Amino acid sequence: MTHPLMQRLHDDHRNFRQILELLVQEVDRLDALTEDERDLDLIAEVMQYMVHYADRFHHPLEDEVYELLAKHDRSDAIAQLEREHVDLERLGEDLLQRAHFEISMAEGWDRFAADLRGYASNLATHKDLEEEKVFPLAKVLLNAKDFDAIQGRFAWLDDPVFGGGMAQGYKVLGERLLRRAATD
Ligand SMILES: [Fe+2]
Ligand SMILES: [Fe+2]
């Protein structure tokens, strides 16, 4: 049986896939609009979710798993994932700032759009490496006691978008996800 901690990480990845698809669709949609017509609310909420949830909960939780895993397995993939967490956090915060303050308008849409697409692509590749290579390793090399210990030490955070209740600050994203679920 999959430990609840690993299940949570899998569930997060499934949710991130949805979020990233929405992000890229939105960037494509805004591409076709003029500068005056573009509003960045959805992009700002997506980046807020990634910075406030993925970077403050999901990635630190994975880092704990990888730290323990590195005692059993010295593969480059683990060090690479840890480095990518740092890079993703830096890029995510930068994109959030740019979406919030609409710096993108001053810098030009194309540059901002390219960076958003790059972020989505990097995160998707990162997540695939975890799902395909490192999580299977964690399930073999770590046991329930290891996962329990990490879970016990870790502040278990509610997902502000996919958790029980929609937290404030995610109105546009919540509506877009509901609309998407209704048409699926
Ligand atoms: Fe990760
Ligand atoms: Fe992950």
# chains A, B, ... in the order shown; residues from 1 in each chain; ligands from 1

call {"tool": "residues_around", "arguments": {"residues": "range 39-46 of chain A", "least_positions_apart": "5", "cutoff": "12 Å", "atoms": "only C-alpha atoms", "output": "ChimeraX atom specification"}}
result
/A:15-31,33-34,51-54,92-105,109,112-113,116-117,119-120,160-161,167-177

call {"tool": "residues_near_ligand", "arguments": {"ligand": "ligand 1", "cutoff": "8 Å", "atoms": "only C-alpha atoms and all ligand atoms", "output": "CSV table (one decimal) with C-alpha atoms, in the first residue's frame"}}
result
chain,number,residue,atom,x,y,z
A,58,HIS,CA,5.4,20.0,-1.6
A,59,HIS,CA,9.1,20.6,-2.5
A,62,GLU,CA,10.2,15.9,-1.1
A,63,ASP,CA,13.5,17.3,0.1
A,81,LEU,CA,15.9,17.3,-8.1
A,82,GLU,CA,17.1,19.1,-5.0
A,84,GLU,CA,15.8,22.1,-9.3
A,85,HIS,CA,13.7,22.8,-6.2
A,126,HIS,CA,11.0,17.7,-13.0
A,127,LYS,CA,7.8,16.0,-11.9
A,130,GLU,CA,10.3,12.1,-9.7

call {"tool": "closest_residue", "arguments": {"among": "A:His3, A:His10, A:Arg179, A:Arg38", "to": "ligand 2", "atoms": "only C-alpha atoms and all ligand atoms"}}
result
A:His10

call {"tool": "closest_atom_pairs", "arguments": {"of": "range 8-113 of chain A", "to": "range 139-159 of chain A", "cutoff": "12 Å", "atoms": "only C-alpha atoms", "output": "Markdown table"}}
result
| residue | atom | partner | partner_atom | distance |
| --- | --- | --- | --- | --- |
| A:Arg8 | CA | A:Asp159 | CA | 10.2 |
| A:Leu9 | CA | A:Asp159 | CA | 11.5 |
| A:Asp11 | CA | A:Asp159 | CA | 10.6 |
| A:Asp12 | CA | A:Asp159 | CA | 8.7 |
| A:Asn15 | CA | A:Asp159 | CA | 10.1 |
| A:Phe16 | CA | A:Asp159 | CA | 11.4 |
| A:Tyr49 | CA | A:Asp159 | CA | 8.9 |
| A:Met50 | CA | A:Asp159 | CA | 10.6 |
| A:His52 | CA | A:Asp159 | CA | 9.4 |
| A:Tyr53 | CA | A:Asp159 | CA | 6.7 |
| A:Ala54 | CA | A:Asp159 | CA | 9.2 |
| A:Asp55 | CA | A:Leu157 | CA | 11.8 |
| A:Arg56 | CA | A:Leu157 | CA | 9.0 |
| A:Phe57 | CA | A:Leu157 | CA | 6.6 |
| A:His58 | CA | A:Leu157 | CA | 9.1 |
| A:His59 | CA | A:Phe154 | CA | 11.9 |
| A:Pro60 | CA | A:Phe154 | CA | 9.0 |
| A:Leu61 | CA | A:Phe154 | CA | 7.3 |
| A:Glu62 | CA | A:Ile150 | CA | 9.8 |
| A:Asp63 | CA | A:Ile150 | CA | 10.2 |
| A:Glu64 | CA | A:Ile150 | CA | 6.8 |
| A:Val65 | CA | A:Ile150 | CA | 7.4 |
| A:Tyr66 | CA | A:Leu142 | CA | 10.2 |
| A:Glu67 | CA | A:Ile150 | CA | 10.5 |
| A:Leu68 | CA | A:Leu142 | CA | 8.0 |
| A:Leu69 | CA | A:Leu142 | CA | 7.0 |
| A:Ala70 | CA | A:Leu141 | CA | 10.0 |
| A:Lys71 | CA | A:Leu141 | CA | 9.7 |
| A:His72 | CA | A:Leu141 | CA | 6.9 |
| A:Asp73 | CA | A:Leu141 | CA | 8.3 |

call {"tool": "select_by_dssp", "arguments": {"residues": "chain A", "states": "alpha helix (DSSP H)", "output": "ChimeraX atom specification"}}
result
/A:4-31,41-49,59-69,76-100,103-107,109-129,135-141,144-153,171-183
